[in-house]
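The file input_28.cif comes next; it holds mmCIF, C-alpha atoms.
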data_model
loop_
_atom_site.label_atom_id
_atom_site.label_comp_id
_atom_site.auth_asym_id
_atom_site.auth_seq_id
_atom_site.Cartn_x
_atom_site.Cartn_y
_atom_site.Cartn_z
CA MET P 1 -72.47 -70.32 -16.04
CA ARG P 2 -71.61 -67.90 -13.25
CA VAL P 3 -69.36 -69.43 -10.60
CA PRO P 4 -69.92 -68.11 -7.05
CA LEU P 5 -67.18 -65.82 -5.73
CA SER P 6 -65.06 -66.87 -2.78
CA THR P 7 -64.42 -63.17 -2.00
CA PRO P 8 -66.86 -60.26 -1.77
CA PRO P 9 -67.38 -58.35 -5.05
CA THR P 10 -65.61 -55.00 -5.24
CA ILE P 11 -68.88 -53.44 -6.48
CA PRO P 12 -72.13 -55.28 -5.72
CA ALA P 13 -74.10 -56.34 -8.79
CA GLY P 14 -76.83 -53.83 -9.52
CA ALA P 15 -75.13 -50.95 -7.72
CA LEU P 16 -74.43 -48.99 -10.92
CA ALA P 17 -77.51 -49.91 -12.94
CA ALA P 18 -79.76 -48.98 -10.00
CA GLY P 19 -79.45 -45.38 -11.21
CA PRO P 20 -79.04 -43.61 -14.54
CA GLN P 21 -75.62 -43.25 -16.13
CA PRO P 22 -74.24 -40.10 -14.50
CA THR P 23 -73.34 -36.82 -16.11
CA LEU P 24 -69.83 -35.78 -15.04
CA SER P 25 -68.11 -32.40 -14.92
CA ALA P 26 -64.49 -31.76 -15.85
CA PRO P 27 -62.38 -28.59 -15.60
CA GLY P 28 -62.64 -25.99 -18.33
CA GLY P 29 -66.41 -26.28 -18.71
CA LEU P 30 -66.39 -29.85 -20.02
CA VAL P 31 -69.43 -32.02 -19.36
CA LEU P 32 -69.44 -35.78 -19.94
CA ARG P 33 -72.98 -36.94 -20.69
CA PRO P 34 -74.61 -40.04 -22.19
CA TRP P 35 -74.96 -40.00 -25.96
CA GLU P 36 -78.22 -38.75 -27.45
CA PRO P 37 -79.76 -39.62 -30.86
CA ALA P 38 -79.15 -36.03 -32.02
CA ASP P 39 -75.39 -36.63 -31.63
CA ALA P 40 -75.36 -39.20 -34.45
CA PRO P 41 -74.17 -36.83 -37.23
CA VAL P 42 -71.14 -35.54 -35.29
CA PHE P 43 -70.28 -39.05 -34.09
CA LEU P 44 -70.36 -40.38 -37.67
CA ALA P 45 -68.31 -37.42 -38.90
CA ALA P 46 -65.66 -38.10 -36.25
CA TYR P 47 -64.88 -41.44 -37.85
CA GLN P 48 -64.13 -39.73 -41.16
CA ASP P 49 -61.13 -38.08 -39.49
CA PRO P 50 -57.92 -39.83 -40.61
CA GLU P 51 -56.44 -39.90 -37.08
CA ILE P 52 -59.51 -41.47 -35.51
CA ARG P 53 -59.81 -43.95 -38.38
CA HIS P 54 -56.15 -44.87 -38.04
CA TRP P 55 -56.28 -45.72 -34.33
CA HIS P 56 -59.76 -47.31 -34.24
CA SER P 57 -60.53 -50.47 -36.18
CA ARG P 58 -64.33 -50.30 -35.78
CA HIS P 59 -66.12 -47.55 -37.73
CA PRO P 60 -69.86 -46.83 -38.11
CA ALA P 61 -71.12 -46.78 -41.67
CA SER P 62 -74.21 -44.59 -41.26
CA GLU P 63 -76.13 -42.43 -38.81
CA SER P 64 -78.55 -45.31 -38.41
CA GLN P 65 -75.72 -47.56 -37.30
CA VAL P 66 -74.46 -44.87 -34.91
CA ARG P 67 -77.89 -44.77 -33.27
CA GLU P 68 -77.72 -48.57 -32.93
CA TRP P 69 -74.36 -48.14 -31.17
CA PHE P 70 -75.97 -45.59 -28.83
CA VAL P 71 -78.66 -48.14 -27.95
CA GLU P 72 -75.89 -50.68 -27.25
CA TYR P 73 -74.15 -48.13 -25.00
CA HIS P 74 -77.33 -47.65 -22.96
CA GLN P 75 -77.83 -51.42 -22.76
CA ALA P 76 -74.23 -51.89 -21.60
CA TRP P 77 -74.89 -49.51 -18.69
CA ALA P 78 -78.01 -51.49 -17.77
CA ARG P 79 -75.99 -54.75 -17.90
CA GLU P 80 -73.09 -53.09 -16.01
CA THR P 81 -70.59 -54.09 -18.69
CA GLY P 82 -69.64 -50.65 -20.06
CA ALA P 83 -70.50 -46.98 -20.40
CA SER P 84 -69.85 -44.34 -23.04
CA TRP P 85 -70.03 -40.56 -22.73
CA ALA P 86 -70.04 -37.65 -25.14
CA VAL P 87 -67.36 -35.17 -24.04
CA THR P 88 -69.05 -31.82 -24.53
CA ARG P 89 -68.61 -28.13 -23.95
CA GLY P 90 -71.18 -27.34 -21.27
CA GLY P 91 -73.37 -30.28 -22.24
CA GLY P 92 -73.88 -29.11 -25.83
CA GLU P 93 -71.20 -29.14 -28.52
CA VAL P 94 -69.51 -32.56 -28.74
CA ARG P 95 -65.72 -32.43 -28.43
CA GLY P 96 -64.98 -36.17 -28.13
CA ARG P 97 -65.85 -39.55 -26.69
CA ILE P 98 -64.76 -41.35 -23.53
CA ALA P 99 -65.78 -44.78 -22.30
CA LEU P 100 -65.43 -47.45 -19.69
CA THR P 101 -65.10 -50.87 -21.31
CA SER P 102 -65.04 -54.48 -20.11
CA MET P 103 -66.35 -53.50 -16.68
CA ASP P 104 -65.73 -56.29 -14.14
CA LEU P 105 -67.58 -55.39 -10.95
CA ASP P 106 -66.37 -58.48 -9.10
CA ASP P 107 -62.71 -57.48 -9.42
CA GLY P 108 -63.41 -53.74 -9.66
CA VAL P 109 -61.54 -53.38 -12.94
CA ALA P 110 -62.44 -51.59 -16.19
CA GLY P 111 -60.80 -50.38 -19.38
CA CYS P 112 -60.86 -46.83 -20.76
CA ALA P 113 -61.03 -45.56 -24.33
CA TYR P 114 -61.22 -42.06 -25.83
CA TRP P 115 -60.98 -39.90 -28.91
CA VAL P 116 -61.18 -36.14 -29.51
CA LEU P 117 -62.43 -34.28 -32.57
CA PRO P 118 -59.75 -32.44 -34.59
CA ALA P 119 -60.98 -28.96 -33.58
CA ALA P 120 -60.63 -29.81 -29.88
CA ARG P 121 -57.15 -31.33 -29.96
CA ARG P 122 -54.07 -29.94 -28.19
CA ALA P 123 -56.25 -28.21 -25.60
CA GLY P 124 -56.19 -30.85 -22.86
CA VAL P 125 -59.74 -32.04 -23.57
CA ALA P 126 -58.90 -35.76 -23.51
CA SER P 127 -56.75 -35.60 -20.36
CA ARG P 128 -59.32 -33.52 -18.45
CA ALA P 129 -62.13 -35.88 -19.48
CA LEU P 130 -60.06 -38.96 -18.62
CA THR P 131 -59.16 -37.49 -15.22
CA ALA P 132 -62.82 -36.76 -14.45
CA LEU P 133 -63.87 -40.24 -15.52
CA GLY P 134 -61.10 -41.78 -13.42
CA ASP P 135 -62.06 -39.72 -10.37
CA TRP P 136 -65.69 -40.81 -10.63
CA ALA P 137 -64.94 -44.47 -11.38
CA LEU P 138 -62.35 -44.92 -8.62
CA ASP P 139 -63.65 -42.59 -5.93
CA GLY P 140 -67.36 -42.61 -6.63
CA ALA P 141 -68.39 -45.82 -8.39
CA GLY P 142 -65.99 -48.00 -6.40
CA PHE P 143 -63.66 -49.42 -9.05
CA HIS P 144 -60.14 -50.27 -7.89
CA ARG P 145 -58.20 -50.28 -11.17
CA LEU P 146 -58.65 -48.67 -14.58
CA HIS P 147 -56.45 -49.51 -17.54
CA LEU P 148 -56.02 -48.43 -21.13
CA ASP P 149 -53.76 -49.23 -24.01
CA HIS P 150 -52.65 -47.39 -27.14
CA SER P 151 -50.20 -47.93 -29.96
CA THR P 152 -46.61 -47.14 -29.04
CA ARG P 153 -46.70 -44.89 -32.12
CA ASN P 154 -49.54 -42.77 -30.69
CA ALA P 155 -47.58 -40.23 -28.67
CA ALA P 156 -50.61 -37.96 -28.09
CA SER P 157 -52.57 -40.76 -26.43
CA CYS P 158 -49.58 -41.57 -24.26
CA ARG P 159 -49.36 -37.95 -23.06
CA THR P 160 -53.10 -37.96 -22.32
CA ALA P 161 -52.84 -41.11 -20.22
CA LEU P 162 -49.85 -39.85 -18.22
CA ARG P 163 -51.43 -36.44 -17.52
CA ALA P 164 -54.57 -38.18 -16.26
CA GLY P 165 -52.59 -40.28 -13.77
CA PHE P 166 -52.45 -43.53 -15.77
CA LEU P 167 -48.93 -44.82 -15.18
CA LEU P 168 -47.11 -46.67 -17.93
CA GLU P 169 -46.86 -50.31 -16.89
CA GLY P 170 -45.26 -51.89 -19.94
CA THR P 171 -45.47 -52.79 -23.60
CA LYS P 172 -47.65 -55.51 -25.10
CA ARG P 173 -45.78 -56.72 -28.16
CA SER P 174 -47.64 -56.97 -31.47
CA ASP P 175 -50.94 -56.78 -29.57
CA ALA P 176 -53.31 -54.85 -31.88
CA VAL P 177 -54.05 -54.55 -35.58
CA HIS P 178 -54.28 -51.09 -37.12
CA ARG P 179 -54.72 -50.04 -40.74
CA ASP P 180 -50.97 -50.31 -41.33
CA GLY P 181 -50.50 -53.66 -39.61
CA ARG P 182 -49.74 -54.91 -36.10
CA HIS P 183 -48.64 -52.48 -33.41
CA ASP P 184 -46.98 -52.84 -30.05
CA MET P 185 -49.24 -51.34 -27.39
CA HIS P 186 -48.41 -49.38 -24.26
CA LEU P 187 -50.38 -50.47 -21.19
CA HIS P 188 -51.28 -47.75 -18.67
CA ALA P 189 -53.24 -48.02 -15.43
CA ARG P 190 -54.56 -45.87 -12.62
CA ILE P 191 -55.53 -47.46 -9.33
CA ARG P 192 -57.47 -46.06 -6.42
CA GLY P 193 -55.20 -43.64 -4.57
CA ASP P 194 -53.19 -42.59 -7.65
CA ARG P 195 -53.36 -38.87 -8.32
CA PRO P 196 -53.32 -37.30 -11.80
CA ALA P 197 -50.49 -35.07 -12.94
CA LEU P 198 -52.96 -32.30 -13.90
#
Let's see the structure in the file written out as structure tokens.
Amino acid sequence: MRVPLSTPPTIPAGALAAGPQPTLSAPGGLVLRPWEPADAPVFLAAYQDPEIRHWHSRHPASESQVREWFVEYHQAWARETGASWAVTRGGGEVRGRIALTSMDLDDGVAGCAYWVLPAARRAGVASRALTALGDWALDGAGFHRLHLDHSTRNAASCRTALRAGFLLEGTKRSDAVHRDGRHDMHLHARIRGDRPAL
């Protein structure tokens, strides 16, 4: 049951889904675009990487399942609950993934998640993509606050968040389960008006 708001929604229902999920540009020739069925092999291969498997508890088992995930991503955009992009070089070669999760249009809040393929690491791909996504979400789509979390043991993800203007807000103790047990998680956020370090 949806309870009526006593305050105006930050983003009116239907405002995002009225149009297609956008394609976004980031510095260095990066293009963030919706996933396509032809991306299934590289997406599946990404989850064979030990680093990605270590930090992500949900893994696709086949290309068919990946394509099902892509359908879910498109449906999430239509429902205005989430969005997922392929991070590409010029719209072609996939370098990683970035997403908005748990989108709450009433409060104008959403989560962020990302990974980068091994060949594209240590080149600023994740931070440039996260900055571009944050710019669009906060300045274009109308969100007020974006947040993300990562294991306190994942120093690379922490650097990515900080470079993209997501300030460290605190530590959530024993908050997530990874392959080696429970981890404390750093909580980062960027709100409208914050500027990235890039």
For P:Thr10, the nearest of the candidates P:Gly140, P:Pro118, P:Gly108, P:Gly181, counting all atoms listed in the file: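 Distance minimum relative to P:Thr10 lands on P:Gly108.
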Expansion of the PyMOL selection byres ((chain P and resi 163) around 7) into residues, as a list in words: Ser127, Arg159, Thr160, Ala161, Leu162, Ala164, Gly165, Pro196, Ala197 and Leu198 of chain P
Result set of the PyMOL selection byres ((chain P and resi 168) around 9) on the coordinates above, as JSON, numbers by chain: {"P": [158, 161, 162, 166, 167, 169, 170, 171, 186, 187, 188, 189]}
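If you measure from each of P:Asp107, P:His59, P:Ala176, P:Arg95 to P:Val125 using all atoms listed in the file, the closest one turns out to be P:Arg95.
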Can you spell out as a short mmCIF file (atom, residue, chain, number, x, y, z; two decimals) with C-alpha atoms, keeping the file's coordinate frame the set of residues that the PyMOL selection byres ((chain P and resi 63) around 9) selects in the structure I just provided?
data_model
loop_
_atom_site.label_atom_id
_atom_site.label_comp_id
_atom_site.auth_asym_id
_atom_site.auth_seq_id
_atom_site.Cartn_x
_atom_site.Cartn_y
_atom_site.Cartn_z
CA ALA P 40 -75.36 -39.20 -34.45
CA PRO P 41 -74.17 -36.83 -37.23
CA PHE P 43 -70.28 -39.05 -34.09
CA LEU P 44 -70.36 -40.38 -37.67
CA PRO P 60 -69.86 -46.83 -38.11
CA ALA P 61 -71.12 -46.78 -41.67
CA SER P 62 -74.21 -44.59 -41.26
CA SER P 64 -78.55 -45.31 -38.41
CA GLN P 65 -75.72 -47.56 -37.30
CA VAL P 66 -74.46 -44.87 -34.91
CA ARG P 67 -77.89 -44.77 -33.27
CA GLU P 68 -77.72 -48.57 -32.93
#
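Proximity to P:Val42 was assessed for P:His56, P:Arg97, P:Arg192, P:Arg128 counting only C-alpha atoms; the smallest distance is recorded for P:Arg97.
Taking all atoms listed in the file into account, P:His178 lies nearest to P:Asn154 out of the set P:Gly19, P:Ala83, P:Ala137, P:Asn154.
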Selected residue, from P:Leu16, P:Val94, P:Ala126, P:Met185, that lies nearest to P:Arg153 when counting all atoms listed in the file: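 Checking each candidate against P:Arg153, we get P:Met185 as the closest.
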Where is the centre and how long are the edges: axis-aligned box on stretch 21-33 of chain P, 4 Å on each side, Å to one decimal, as lines of an AutoDock Vina configuration file:
center_x = -69.0
center_y = -34.6
center_z = -17.6
size_x = 21.2
size_y = 25.3
size_z = 14.2
Best match for closeness to P:Arg33 among P:Ala46, P:Ala132, P:Met103, P:Ala78, counting all atoms listed in the file: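 Using all atoms listed in the file, the shortest distance to P:Arg33 belongs to P:Ala132.
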Coordinates-based distance that separates atom CA of P:Leu117 from atom CA of P:Asp180 (Å, one decimal): 21.6 Å
Separation of atom CA of P:Pro4 from atom CA of P:Cys112, in Å and rounded to one decimal: 26.9 Å
Separation of atom CA of P:Asp149 from atom CA of P:Asp175 in Å: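 So the answer is 9.8 Å.
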Test item: residues at most 10 Å from stretch 100-102 of chain P, all atoms listed in the file, excluding those fewer than 5 positions along its chain, as a list in words: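 Result of the neighbour search: Ala76, Trp77, Glu80, Thr81, Gly82, Ala83, Ser84, Trp85, Val109, Ala110, Gly111, Cys112, Ala113, Tyr114, Leu133, Gly134, Ala137, Leu146, His147 and Leu148 of chain P.
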Test item: which residues lie within 10 Å of (-68.0, -56.4, -6.7) counting all atoms listed in the file, as a list in words: Leu5, Thr7, Pro8, Pro9, Thr10, Ile11, Pro12, Ala13, Gly14, Ala15, Asp104, Leu105, Asp106, Asp107, Gly108, Val109, Gly142 and Phe143 of chain P
Selection near P:Gly28, 10 Å with all atoms listed in the file, sequence-local residues under 3 positions removed, as a list in words: Ser25, Val31, Arg89, Gly90, Ala123, Gly124, Val125, Arg128 and Ala129 of chain P
Quick one: write out the picked residues with C-alpha atoms as a short mmCIF file (atom, residue, chain, number, x, y, z; two decimals), in the frame of the given file?
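The resulting file, again.cif, is reproduced below:
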data_model
loop_
_atom_site.label_atom_id
_atom_site.label_comp_id
_atom_site.auth_asym_id
_atom_site.auth_seq_id
_atom_site.Cartn_x
_atom_site.Cartn_y
_atom_site.Cartn_z
CA SER P 25 -68.11 -32.40 -14.92
CA VAL P 31 -69.43 -32.02 -19.36
CA ARG P 89 -68.61 -28.13 -23.95
CA GLY P 90 -71.18 -27.34 -21.27
CA ALA P 123 -56.25 -28.21 -25.60
CA GLY P 124 -56.19 -30.85 -22.86
CA VAL P 125 -59.74 -32.04 -23.57
CA ARG P 128 -59.32 -33.52 -18.45
CA ALA P 129 -62.13 -35.88 -19.48
#
